[in-house]
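Inspection log for the structure reproduced underneath, given as structure tokens.
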4 protein chains.
Amino acid sequence: MHTVAFIGLGNMGAPMAANLIDGGTTLRVFDVVSELAKPLQNKGATACTSAAQACEGAHVVISMLPASEHVAALYLGKDGLLTKLDPDTLVIDCSTIAPATSRQVAQAASTLNLSALDAPVSGGTNGAKHGTLTFMVGGAADALERARPLFGLMGSNVYHAGPAGAGQAAKIANNLVLGIQMIATAEALNLGVANGLDPVVLSDILARSSGRNWAVDTYNPWPGVMDNVPASNQYRGGFAVDLMLKDLGLAIESAEQQHCQTTLGALARELYAQHSADGHGTLDFSSILKLVQKT
Amino acid sequence: MHTVAFIGLGNMGAPMAANLIDGGTTLRVFDVVSELAKPLQNKGATACTSAAQACEGAHVVISMLPASEHVAALYLGKDGLLTKLDPDTLVIDCSTIAPATSRQVAQAASTLNLSALDAPVSGGTNGAKHGTLTFMVGGAADALERARPLFGLMGSNVYHAGPAGAGQAAKIANNLVLGIQMIATAEALNLGVANGLDPVVLSDILARSSGRNWAVDTYNPWPGVMDNVPASNQYRGGFAVDLMLKDLGLAIESAEQQHCQTTLGALARELYAQHSADGHGTLDFSSILKLVQKT
Amino acid sequence: MHTVAFIGLGNMGAPMAANLIDGGTTLRVFDVVSELAKPLQNKGATACTSAAQACEGAHVVISMLPASEHVAALYLGKDGLLTKLDPDTLVIDCSTIAPATSRQVAQAASTLNLSALDAPVSGGTNGAKHGTLTFMVGGAADALERARPLFGLMGSNVYHAGPAGAGQAAKIANNLVLGIQMIATAEALNLGVANGLDPVVLSDILARSSGRNWAVDTYNPWPGVMDNVPASNQYRGGFAVDLMLKDLGLAIESAEQQHCQTTLGALARELYAQHSADGHGTLDFSSILKLVQKT
Amino acid sequence: MHTVAFIGLGNMGAPMAANLIDGGTTLRVFDVVSELAKPLQNKGATACTSAAQACEGAHVVISMLPASEHVAALYLGKDGLLTKLDPDTLVIDCSTIAPATSRQVAQAASTLNLSALDAPVSGGTNGAKHGTLTFMVGGAADALERARPLFGLMGSNVYHAGPAGAGQAAKIANNLVLGIQMIATAEALNLGVANGLDPVVLSDILARSSGRNWAVDTYNPWPGVMDNVPASNQYRGGFAVDLMLKDLGLAIESAEQQHCQTTLGALARELYAQHSADGHGTLDFSSILKLVQKT
């Protein structure tokens, strides 16, 4: 298999890179925090001192960075990484960022005869560790086919959402629904229990009725209704409130650029912001139930 | 099978009563609008001139009325219908009303040695016609078992939500989630399409991701994504905006009595109210997409 | 001066009636809670055993009742009080109720050759005690002129808002703005103080800038900024949260009947409902600052 | 009077600079768009080719820039303008930006023995032209006294809000209230008119009651109620929707950093965003009445 450069070795990037190594990929890695490369070096990766150095001899670059500005700073500009890549290199950005930034990267790549995919993931750190991530991919179909074996080492589902930026657009649409329906579920369970219902019985009824959603039947926010969800583990692990806050921010920002309404999205974002302000930013986002119950 | 009195022969009550007749039940029927009894009389029902007359010799009373005040006016008070029923009569109220009113009816019934169930339905007029309604039932388990054969003639699912009022509480919790997640889905699809996504592709991705919900995968609000849903039939049929508005009103009223928050519920209700004010109160509630898209 | 019947002797009605007596009016009074008439009887009023009895020989009827249903029950219907009044009697309803109900009363009165005014007040129990209420009046100009001397004994400002129902419409429009701008002021002061500002300095700046409003400059919600406001007296006295909740409910109900948007009004109402659910329903509504600061 | 450098010659900066010249100040000016300096050059200012050049020999620097990032880019960093100023120079930033950025500038200035004030203005382009701006000032009292004569040439009111950043904090608190109360006023006037009230009469009643605010009595959003306001001039001129959107964004951003709630602020911002998305971003913000009335 070809040599792959991996940029960004945080909570998500590190286990994704580890899975690539386990799958037999030759990996060159870089992070601005150099110690983050150590565990991967121990597994056989080559630790590099810059993104450009990591890309030497690589046919594929994968990046996993916190926000739009980091991705733009990495790839774009007259000294950006894109200008240092061999023709035909495939760039796969797995960061969750603004669709507009993904489109800029793709356009700049295209000018340089490079292929680029935006491929944000869902599944959280657990999905990253266990190689069960879902990739929502924007870009050309043939580029996606080139990337598919690598996606297969890191995840279990790959959706082709459309052209450049479409992966991001699908991800933020998904998390817009998710952020809202988690609060809706918390409000409904809280009301039902206040009315004397058993949360297990109510969740079961909702899960088989038109109130059914992923928060009700797979990731229930009420402690004890389900095993193996953050709600039953003091809201530890999972997908942090502050990440949901970031994604709803991307959704609202994109909605404004596209002249779209997101009235419920804006209020949902404010509620997660209040919950974060209460000191719960690092808990799983299903802990929004605490805000709903706050007295 | 025993004789059943059926009170309230509107869009929902009439087809429910017809299914009971088709199933072999001896039916005595009443509605304040006397013509509504005609079609059932033609099918073999006895049309009565008052609710009390309909209950003569009946062992079960079923009611299907528009709102809490109608149910209270029918059953309660010193001349209420409950006072005229033989001991051991089973009262089944299928109206969607305030849990508090259902508890009042149940308590008054109990004092008179009558059994009472609150059994609101979901499934709409189509479910009523085809006998595929879902019943969410509050009351004693043995009363539910007595009612089960009748539920079986009118519907396909019966959930025991808990004691008196629990059927209503489950129904309004369900419709609280439903009303919100329909708007969330509309906002997300609208944003995704504005970002260049195909609504069919995006719906498919959401349906297999954490944005999954009943609105996305069963009752999609975007015209053309699914066949056989109101969105693909100019939002005709289905569950009217004004009924969703009523049910969200019940949820908010109950939340206030129970000292519960429903911040998203309150905003969702306002959005359906605006949509109704735009003249769309009789359309299916998935038409809220039009409000989201209004420019 | 003519004989006046006064119906409804609660926290507002009693001091209003007392001021009429002090001003020389011959008063016949009634309340369903008969003890409430005692203090007025001691001041010279005639306590009656029914509203109809209170109206015997009276040329003016004033009512001050809690809600639309009480006003409708008092005046309307085939045995309603209107049917028992002498021709040319002037009916002044000072209750805060739905404009639609006021219009019904006015129409029924007109059919019977009676004059009717809707004249809801602002100023609270303090204004009622000190005779400094503001009357917002709907109805004919000549009827208002007949009522003006009585208004003068109970208040200091009289505004003619327009025809029947206009008094109510003005009152709910006023309280819609008021309820929202109190929360806005609380959010802004809280943010400013968190940013290190002195609440007195910030209030002073706002009061002289475009953020100026009645809540900032006359009824400041931050404890200690102003003397003699509820905020500086542990939010005791003033205008209760639950009354603001009722008035915002009237505004939203009327907005729906008139097909008007009140998006901020709906959210404001939900916030007062949450504050009431927290157990603060009897505090002054400026205590909403506590909800804004809740952590 | 001392020499003053003026950086940023847009819609606000240009007339402010002109008033300084008219008042006898020796002005050196710079804008990245060099043509903007021409009209001021014609009035006697020295047009410079960089901010640093403009500051040569100046004892005071005034800047008026669009956003936090421009102010940070101008002053901060190891080559920032602050490093090039003579000791004891007074820096006055009149931009409306994040309080946190103003604090950074003040802290960096302090390290270099420079004085700095944040002095955002209200009053819009009209106030800038006519020298009637209001300055909300953060920083040391003695620095404010040094600046006061210059403020006097550009405006009519100067408020000392507190230490560094306090000017920004006061400004965003003001605009948070303002943005909300304008929508509240629009909702209330619209509801009142739908209920048959005359908008002039209703505005007059509100202006003398507890619904009083600056939007009602000074800047009424209903066309024709007041002369000389944007509402009576097709919402031209005044304070643009997109600027209100920016300021509400600053308020929400600051609220999150300070762990404060702004539930109404967040929804108000979404409503201005929807109004901007409808194509009205350049109209005066009182045009939000159009959104409230949209059908």
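By order in the structure tokens, chains are A, B, ...; within a chain, residues start at 1; ligands start at 1, following the order shown.
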Next on the checklist: I need the residues of segment 154-193 of chain C that end up classed as alpha helix (DSSP H) by DSSP on the backbone, written out as a VMD selection string.
Outcome noted: chain C and resid 154 166 to 193
With N, CA, C and O atoms kept, could you save the residues just selected as an mmCIF file, in the first residue's frame?
```cif
data_model
loop_
_atom_site.group_PDB
_atom_site.id
_atom_site.type_symbol
_atom_site.label_atom_id
_atom_site.label_comp_id
_atom_site.auth_asym_id
_atom_site.auth_seq_id
_atom_site.Cartn_x
_atom_site.Cartn_y
_atom_site.Cartn_z
ATOM 1 N N MET C 154 -59.982 56.711 40.701
ATOM 2 C CA MET C 154 -59.197 55.474 40.840
ATOM 3 C C MET C 154 -57.815 55.566 40.206
ATOM 4 O O MET C 154 -56.951 54.744 40.484
ATOM 5 N N ALA C 166 -60.454 47.646 22.279
ATOM 6 C CA ALA C 166 -59.187 48.345 22.041
ATOM 7 C C ALA C 166 -58.397 48.555 23.331
ATOM 8 O O ALA C 166 -57.162 48.595 23.322
ATOM 9 N N GLY C 167 -59.117 48.701 24.437
ATOM 10 C CA GLY C 167 -58.420 48.829 25.716
ATOM 11 C C GLY C 167 -57.617 47.571 26.013
ATOM 12 O O GLY C 167 -56.432 47.638 26.362
ATOM 13 N N GLN C 168 -58.264 46.433 25.836
ATOM 14 C CA GLN C 168 -57.563 45.163 26.049
ATOM 15 C C GLN C 168 -56.401 45.014 25.071
ATOM 16 O O GLN C 168 -55.322 44.549 25.428
ATOM 17 N N ALA C 169 -56.668 45.383 23.819
ATOM 18 C CA ALA C 169 -55.624 45.221 22.796
ATOM 19 C C ALA C 169 -54.406 46.067 23.139
ATOM 20 O O ALA C 169 -53.260 45.638 22.970
ATOM 21 N N ALA C 170 -54.633 47.283 23.639
ATOM 22 C CA ALA C 170 -53.517 48.155 24.018
ATOM 23 C C ALA C 170 -52.783 47.578 25.236
ATOM 24 O O ALA C 170 -51.552 47.561 25.294
ATOM 25 N N LYS C 171 -53.571 47.093 26.193
ATOM 26 C CA LYS C 171 -52.955 46.535 27.409
ATOM 27 C C LYS C 171 -52.063 45.346 27.077
ATOM 28 O O LYS C 171 -50.933 45.240 27.574
ATOM 29 N N ILE C 172 -52.532 44.418 26.242
ATOM 30 C CA ILE C 172 -51.719 43.238 25.977
ATOM 31 C C ILE C 172 -50.539 43.585 25.086
ATOM 32 O O ILE C 172 -49.478 42.993 25.195
ATOM 33 N N ALA C 173 -50.700 44.582 24.191
ATOM 34 C CA ALA C 173 -49.549 45.028 23.399
ATOM 35 C C ALA C 173 -48.491 45.611 24.342
ATOM 36 O O ALA C 173 -47.296 45.335 24.210
ATOM 37 N N ASN C 174 -48.948 46.414 25.294
ATOM 38 C CA ASN C 174 -48.016 47.007 26.255
ATOM 39 C C ASN C 174 -47.293 45.923 27.059
ATOM 40 O O ASN C 174 -46.061 45.930 27.181
ATOM 41 N N ASN C 175 -48.049 44.959 27.551
ATOM 42 C CA ASN C 175 -47.406 43.955 28.397
ATOM 43 C C ASN C 175 -46.562 42.967 27.601
ATOM 44 O O ASN C 175 -45.631 42.369 28.137
ATOM 45 N N LEU C 176 -46.875 42.836 26.315
ATOM 46 C CA LEU C 176 -46.003 42.037 25.451
ATOM 47 C C LEU C 176 -44.632 42.697 25.354
ATOM 48 O O LEU C 176 -43.593 42.048 25.546
ATOM 49 N N VAL C 177 -44.603 43.995 25.071
ATOM 50 C CA VAL C 177 -43.317 44.703 25.033
ATOM 51 C C VAL C 177 -42.647 44.648 26.401
ATOM 52 O O VAL C 177 -41.458 44.351 26.522
ATOM 53 N N LEU C 178 -43.426 44.912 27.433
ATOM 54 C CA LEU C 178 -42.875 44.976 28.781
ATOM 55 C C LEU C 178 -42.234 43.659 29.210
ATOM 56 O O LEU C 178 -41.112 43.635 29.735
ATOM 57 N N GLY C 179 -42.945 42.565 28.975
ATOM 58 C CA GLY C 179 -42.428 41.260 29.389
ATOM 59 C C GLY C 179 -41.119 40.940 28.685
ATOM 60 O O GLY C 179 -40.186 40.397 29.281
ATOM 61 N N ILE C 180 -41.048 41.294 27.400
ATOM 62 C CA ILE C 180 -39.829 41.023 26.637
ATOM 63 C C ILE C 180 -38.711 41.957 27.063
ATOM 64 O O ILE C 180 -37.571 41.530 27.293
ATOM 65 N N GLN C 181 -39.004 43.251 27.192
ATOM 66 C CA GLN C 181 -37.895 44.176 27.466
ATOM 67 C C GLN C 181 -37.356 44.018 28.885
ATOM 68 O O GLN C 181 -36.188 44.348 29.136
ATOM 69 N N MET C 182 -38.145 43.467 29.785
ATOM 70 C CA MET C 182 -37.602 43.181 31.115
ATOM 71 C C MET C 182 -36.542 42.061 31.022
ATOM 72 O O MET C 182 -35.481 42.157 31.643
ATOM 73 N N ILE C 183 -36.840 41.034 30.241
ATOM 74 C CA ILE C 183 -35.847 39.959 30.079
ATOM 75 C C ILE C 183 -34.626 40.490 29.344
ATOM 76 O O ILE C 183 -33.481 40.188 29.712
ATOM 77 N N ALA C 184 -34.839 41.285 28.303
ATOM 78 C CA ALA C 184 -33.722 41.855 27.548
ATOM 79 C C ALA C 184 -32.810 42.663 28.470
ATOM 80 O O ALA C 184 -31.579 42.569 28.404
ATOM 81 N N THR C 185 -33.428 43.443 29.335
ATOM 82 C CA THR C 185 -32.665 44.263 30.270
ATOM 83 C C THR C 185 -31.895 43.386 31.249
ATOM 84 O O THR C 185 -30.717 43.646 31.547
ATOM 85 N N ALA C 186 -32.538 42.334 31.717
ATOM 86 C CA ALA C 186 -31.862 41.409 32.638
ATOM 87 C C ALA C 186 -30.674 40.736 31.958
ATOM 88 O O ALA C 186 -29.585 40.625 32.539
ATOM 89 N N GLU C 187 -30.854 40.312 30.713
ATOM 90 C CA GLU C 187 -29.744 39.674 29.986
ATOM 91 C C GLU C 187 -28.587 40.659 29.807
ATOM 92 O O GLU C 187 -27.417 40.299 29.961
ATOM 93 N N ALA C 188 -28.915 41.890 29.467
ATOM 94 C CA ALA C 188 -27.880 42.883 29.183
ATOM 95 C C ALA C 188 -27.135 43.302 30.455
ATOM 96 O O ALA C 188 -25.903 43.421 30.453
ATOM 97 N N LEU C 189 -27.871 43.525 31.535
ATOM 98 C CA LEU C 189 -27.199 43.907 32.785
ATOM 99 C C LEU C 189 -26.315 42.759 33.263
ATOM 100 O O LEU C 189 -25.184 42.962 33.716
ATOM 101 N N ASN C 190 -26.831 41.550 33.159
ATOM 102 C CA ASN C 190 -26.061 40.394 33.613
ATOM 103 C C ASN C 190 -24.779 40.240 32.806
ATOM 104 O O ASN C 190 -23.701 39.980 33.359
ATOM 105 N N LEU C 191 -24.883 40.440 31.497
ATOM 106 C CA LEU C 191 -23.700 40.354 30.639
ATOM 107 C C LEU C 191 -22.719 41.473 30.957
ATOM 108 O O LEU C 191 -21.508 41.248 31.053
ATOM 109 N N GLY C 192 -23.236 42.672 31.126
ATOM 110 C CA GLY C 192 -22.370 43.802 31.424
ATOM 111 C C GLY C 192 -21.615 43.608 32.734
ATOM 112 O O GLY C 192 -20.403 43.827 32.814
ATOM 113 N N VAL C 193 -22.313 43.183 33.757
ATOM 114 C CA VAL C 193 -21.677 42.976 35.058
ATOM 115 C C VAL C 193 -20.634 41.861 34.968
ATOM 116 O O VAL C 193 -19.551 41.955 35.547
#
```
Next on the checklist: If we count only C-alpha atoms and set the cut-off at 9 Å, which residues sit around Ala106 of chain B, ignoring sequence neighbours fewer than 4 positions away in its own chain? Please answer as an MDAnalysis selection string.
Outcome noted: chainID B and resid 91 101:102 110:111 114:118 139 164:165
Can I get the selection written as a JSON list (two decimals), in the first residue's frame, with C-alpha atoms?
```json
[["chain", "number", "residue", "atom", "x", "y", "z"],
["B", 91, "VAL", "CA", -65.16, 3.66, 30.12],
["B", 101, "THR", "CA", -58.58, 15.73, 32.88],
["B", 102, "SER", "CA", -58.08, 12.01, 32.27],
["B", 110, "SER", "CA", -63.37, 4.87, 40.61],
["B", 111, "THR", "CA", -65.62, 6.46, 43.22],
["B", 114, "LEU", "CA", -66.51, 2.01, 37.27],
["B", 115, "SER", "CA", -63.32, 1.22, 35.36],
["B", 116, "ALA", "CA", -61.80, 3.89, 33.15],
["B", 117, "LEU", "CA", -59.00, 3.97, 30.59],
["B", 118, "ASP", "CA", -57.47, 6.91, 28.77],
["B", 139, "GLY", "CA", -55.31, 2.80, 33.66],
["B", 164, "ALA", "CA", -54.71, 6.80, 34.80],
["B", 165, "GLY", "CA", -53.55, 9.72, 32.64]]
```
Within 10 Å of chain C, which residues belong to chain A? Use only C-alpha atoms and report them as a PDB file with N, CA, C and O atoms, in the first residue's frame.
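Result file follows (iface.pdb):
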```pdb
ATOM      1  N   THR A 263     -34.293  28.412  12.901  1.00  0.00           N
ATOM      2  CA  THR A 263     -34.794  28.988  14.148  1.00  0.00           C
ATOM      3  C   THR A 263     -34.587  28.026  15.324  1.00  0.00           C
ATOM      4  O   THR A 263     -34.054  28.418  16.371  1.00  0.00           O
ATOM      5  N   LEU A 267     -31.832  28.293  18.681  1.00  0.00           N
ATOM      6  CA  LEU A 267     -32.198  28.171  20.097  1.00  0.00           C
ATOM      7  C   LEU A 267     -31.496  26.960  20.725  1.00  0.00           C
ATOM      8  O   LEU A 267     -31.025  27.027  21.864  1.00  0.00           O
ATOM      9  N   GLN A 274     -25.546  27.494  27.134  1.00  0.00           N
ATOM     10  CA  GLN A 274     -25.875  27.681  28.549  1.00  0.00           C
ATOM     11  C   GLN A 274     -25.391  26.482  29.365  1.00  0.00           C
ATOM     12  O   GLN A 274     -24.884  26.631  30.481  1.00  0.00           O
ATOM     13  N   HIS A 275     -25.561  25.315  28.805  1.00  0.00           N
ATOM     14  CA  HIS A 275     -25.145  24.092  29.501  1.00  0.00           C
ATOM     15  C   HIS A 275     -23.626  24.082  29.659  1.00  0.00           C
ATOM     16  O   HIS A 275     -23.098  23.721  30.713  1.00  0.00           O
ATOM     17  N   ALA A 277     -21.813  26.780  29.740  1.00  0.00           N
ATOM     18  CA  ALA A 277     -21.535  27.842  30.710  1.00  0.00           C
ATOM     19  C   ALA A 277     -21.743  27.342  32.141  1.00  0.00           C
ATOM     20  O   ALA A 277     -21.122  27.833  33.082  1.00  0.00           O
ATOM     21  N   ASP A 278     -22.610  26.367  32.309  1.00  0.00           N
ATOM     22  CA  ASP A 278     -22.826  25.776  33.633  1.00  0.00           C
ATOM     23  C   ASP A 278     -21.663  24.869  34.040  1.00  0.00           C
ATOM     24  O   ASP A 278     -21.688  24.262  35.117  1.00  0.00           O
ATOM     25  N   GLY A 279     -20.681  24.726  33.159  1.00  0.00           N
ATOM     26  CA  GLY A 279     -19.503  23.931  33.504  1.00  0.00           C
ATOM     27  C   GLY A 279     -19.534  22.504  32.970  1.00  0.00           C
ATOM     28  O   GLY A 279     -18.745  21.659  33.381  1.00  0.00           O
ATOM     29  N   LEU A 291     -29.756  20.298  31.914  1.00  0.00           N
ATOM     30  CA  LEU A 291     -30.215  21.682  31.728  1.00  0.00           C
ATOM     31  C   LEU A 291     -31.742  21.731  31.748  1.00  0.00           C
ATOM     32  O   LEU A 291     -32.335  22.615  32.369  1.00  0.00           O
ATOM     33  N   LYS A 294     -32.887  21.515  35.248  1.00  0.00           N
ATOM     34  CA  LYS A 294     -32.310  22.461  36.205  1.00  0.00           C
ATOM     35  C   LYS A 294     -33.392  23.270  36.914  1.00  0.00           C
ATOM     36  O   LYS A 294     -34.261  23.844  36.275  1.00  0.00           O
ATOM     37  N   THR A 295     -33.318  23.323  38.207  1.00  0.00           N
ATOM     38  CA  THR A 295     -34.304  24.103  38.973  1.00  0.00           C
ATOM     39  C   THR A 295     -33.593  25.059  39.921  1.00  0.00           C
ATOM     40  O   THR A 295     -32.571  24.718  40.463  1.00  0.00           O
TER      41      THR A 295
END
```
Item to check | d(atom CA of Lys84 of chain A, atom CA of Ala52 of chain A) in Å | outcome: 6.9 Å
Checklist entry - Out of segment 87-160 of chain C, which residues get strand (DSSP E or B) from DSSP, as a VMD selection string? => result chain C and resid 90 to 93 115 to 118 121 to 122 133 to 138 155 to 160
Restricting the output to N, CA and C atoms, write the selected residues as a short mmCIF file (atom, residue, chain, number, x, y, z; two decimals), in the first residue's frame.
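Below is the file that was written, part_39.cif:
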```cif
data_model
loop_
_atom_site.label_atom_id
_atom_site.label_comp_id
_atom_site.auth_asym_id
_atom_site.auth_seq_id
_atom_site.Cartn_x
_atom_site.Cartn_y
_atom_site.Cartn_z
N LEU C 90 -74.21 52.05 32.38
CA LEU C 90 -72.85 51.99 31.82
C LEU C 90 -72.08 50.85 32.49
N VAL C 91 -71.56 49.95 31.66
CA VAL C 91 -70.80 48.81 32.16
C VAL C 91 -69.31 49.06 31.90
N ILE C 92 -68.52 49.03 32.96
CA ILE C 92 -67.07 49.26 32.82
C ILE C 92 -66.35 48.02 33.34
N ASP C 93 -65.76 47.26 32.42
CA ASP C 93 -65.02 46.08 32.87
C ASP C 93 -63.54 46.41 32.91
N SER C 115 -74.37 50.82 27.48
CA SER C 115 -73.03 51.23 27.06
C SER C 115 -72.02 50.36 27.78
N ALA C 116 -70.95 50.04 27.07
CA ALA C 116 -69.92 49.21 27.71
C ALA C 116 -68.54 49.71 27.35
N LEU C 117 -67.66 49.67 28.32
CA LEU C 117 -66.24 50.01 28.11
C LEU C 117 -65.38 48.87 28.60
N ASP C 118 -64.32 48.55 27.85
CA ASP C 118 -63.27 47.71 28.43
C ASP C 118 -62.18 48.68 28.87
N VAL C 121 -56.35 48.06 33.46
CA VAL C 121 -55.49 49.04 34.12
C VAL C 121 -54.04 48.57 34.14
N SER C 122 -53.12 49.52 34.27
CA SER C 122 -51.76 49.17 34.65
C SER C 122 -51.41 50.01 35.88
N LEU C 133 -53.72 54.56 39.06
CA LEU C 133 -53.78 53.61 37.95
C LEU C 133 -53.82 54.31 36.61
N THR C 134 -53.37 53.58 35.56
CA THR C 134 -53.59 54.02 34.18
C THR C 134 -54.70 53.16 33.59
N PHE C 135 -55.68 53.79 32.96
CA PHE C 135 -56.77 53.06 32.30
C PHE C 135 -56.54 53.11 30.79
N MET C 136 -56.58 51.96 30.16
CA MET C 136 -56.55 51.89 28.69
C MET C 136 -57.95 51.48 28.25
N VAL C 137 -58.64 52.38 27.57
CA VAL C 137 -60.08 52.24 27.42
C VAL C 137 -60.49 51.98 25.98
N GLY C 138 -61.35 50.98 25.82
CA GLY C 138 -61.98 50.72 24.53
C GLY C 138 -63.47 50.95 24.62
N GLY C 155 -57.62 56.56 39.32
CA GLY C 155 -56.34 56.58 38.59
C GLY C 155 -55.95 57.97 38.18
N SER C 156 -54.80 58.04 37.50
CA SER C 156 -54.30 59.35 37.12
C SER C 156 -54.16 59.52 35.60
N ASN C 157 -54.26 58.42 34.85
CA ASN C 157 -54.16 58.53 33.40
C ASN C 157 -55.27 57.73 32.75
N VAL C 158 -55.85 58.31 31.71
CA VAL C 158 -56.88 57.62 30.95
C VAL C 158 -56.53 57.76 29.48
N TYR C 159 -56.36 56.62 28.78
CA TYR C 159 -56.09 56.67 27.35
C TYR C 159 -57.25 56.05 26.60
N HIS C 160 -57.74 56.74 25.60
CA HIS C 160 -58.78 56.18 24.75
C HIS C 160 -58.10 55.45 23.60
#
```
Next on the checklist: Residues within 10 Å of Ala58 of chain A, please, as a PyMOL selection string. Count only C-alpha atoms; anything in the same chain fewer than 4 positions from it doesn't count.
Outcome noted: chain A and resi 2-6+26-28+53-54+85-86+89-90
Checklist entry - Contacts of Gly249 of chain A at 8 Å or less, counting only C-alpha atoms, minus same-chain residues fewer than 4 places along, as number ranges by chain? => result A: 245, 253, 269
Keeping only C-alpha atoms, write the selected residues to a file as a PDB file, in the first residue's frame.
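And here is the file that came out, selection_7.pdb:
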```pdb
ATOM      1  CA  LEU A 245     -21.775  23.607  20.231  1.00  0.00           C
ATOM      2  CA  GLU A 253     -22.866  30.031   9.965  1.00  0.00           C
ATOM      3  CA  ARG A 269     -27.229  26.178  20.131  1.00  0.00           C
TER       4      ARG A 269
END
```
Item to check | Distance of atom CA of Asn220 of chain C from atom CA of Ala207 of chain C, expressed in Å to one decimal place | outcome: 10.3 Å
Applying 8 Å and only C-alpha atoms, which residues near segment 227-244 of chain C remain after dropping the ones on its own chain fewer than 2 positions away? List them as a compact mmCIF listing (two decimals) with N, CA and C atoms, in the first residue's frame.
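Dumped to selection-v4.txt:
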```txt
# COMPACT_ATOMS: atom_id res chain seq x y z
N GLY C 124 -50.65 48.14 38.96
CA GLY C 124 -50.56 47.15 40.03
C GLY C 124 -51.29 47.55 41.29
N THR C 125 -51.08 46.76 42.34
CA THR C 125 -51.80 46.98 43.60
C THR C 125 -51.41 48.32 44.23
N ASN C 126 -50.18 48.75 44.03
CA ASN C 126 -49.80 50.06 44.55
C ASN C 126 -50.58 51.17 43.88
N ASN C 175 -48.05 44.96 27.55
CA ASN C 175 -47.41 43.95 28.40
C ASN C 175 -46.56 42.97 27.60
N GLY C 179 -42.95 42.57 28.97
CA GLY C 179 -42.43 41.26 29.39
C GLY C 179 -41.12 40.94 28.68
N TYR C 219 -37.77 50.78 36.60
CA TYR C 219 -38.16 49.57 37.34
C TYR C 219 -37.02 48.57 37.24
N ASN C 220 -35.82 49.06 37.52
CA ASN C 220 -34.61 48.28 37.24
C ASN C 220 -34.57 46.94 37.98
N PRO C 221 -34.30 45.87 37.24
CA PRO C 221 -34.36 44.54 37.86
C PRO C 221 -33.13 44.18 38.70
N TRP C 222 -32.06 45.00 38.66
CA TRP C 222 -30.86 44.64 39.41
C TRP C 222 -30.97 45.19 40.84
N PRO C 223 -30.89 44.31 41.83
CA PRO C 223 -31.05 44.78 43.21
C PRO C 223 -30.09 45.91 43.54
N GLY C 224 -30.60 46.98 44.11
CA GLY C 224 -29.75 48.06 44.58
C GLY C 224 -29.54 49.19 43.59
N VAL C 225 -29.86 48.98 42.33
CA VAL C 225 -29.67 50.07 41.37
C VAL C 225 -30.66 51.20 41.63
N LYS C 246 -49.83 35.24 32.58
CA LYS C 246 -51.21 35.29 32.09
C LYS C 246 -51.33 36.28 30.93
N ASP C 247 -50.73 37.48 31.08
CA ASP C 247 -50.88 38.50 30.04
C ASP C 247 -50.16 38.11 28.76
N LEU C 248 -48.99 37.48 28.88
CA LEU C 248 -48.31 37.01 27.67
C LEU C 248 -49.14 35.90 27.02
N TYR C 272 -40.84 33.00 31.49
CA TYR C 272 -41.58 33.29 32.72
C TYR C 272 -42.21 32.01 33.28
N ALA C 273 -42.65 31.13 32.38
CA ALA C 273 -43.23 29.85 32.85
C ALA C 273 -42.17 29.03 33.59
N HIS C 275 -39.59 30.24 35.13
CA HIS C 275 -39.31 30.94 36.37
C HIS C 275 -40.41 30.65 37.40
N SER C 276 -41.64 30.62 36.94
CA SER C 276 -42.75 30.26 37.83
C SER C 276 -42.59 28.81 38.31
N HIS C 280 -41.18 30.77 41.70
CA HIS C 280 -41.12 32.21 41.87
C HIS C 280 -42.34 32.93 41.29
N GLY C 281 -43.45 32.23 41.14
CA GLY C 281 -44.62 32.80 40.48
C GLY C 281 -45.20 34.02 41.19
N THR C 282 -44.99 34.13 42.49
CA THR C 282 -45.60 35.26 43.22
C THR C 282 -44.63 36.43 43.38
N LEU C 283 -43.38 36.26 42.99
CA LEU C 283 -42.44 37.39 43.03
C LEU C 283 -42.77 38.39 41.92
N ASP C 284 -42.25 39.60 42.07
CA ASP C 284 -42.36 40.57 40.99
C ASP C 284 -41.68 40.04 39.73
N PHE C 285 -42.21 40.40 38.57
CA PHE C 285 -41.69 39.84 37.31
C PHE C 285 -40.26 40.27 37.00
N SER C 286 -39.77 41.35 37.64
CA SER C 286 -38.37 41.73 37.40
C SER C 286 -37.40 40.70 37.99
N SER C 287 -37.94 39.78 38.81
CA SER C 287 -37.11 38.70 39.36
C SER C 287 -36.67 37.73 38.27
```
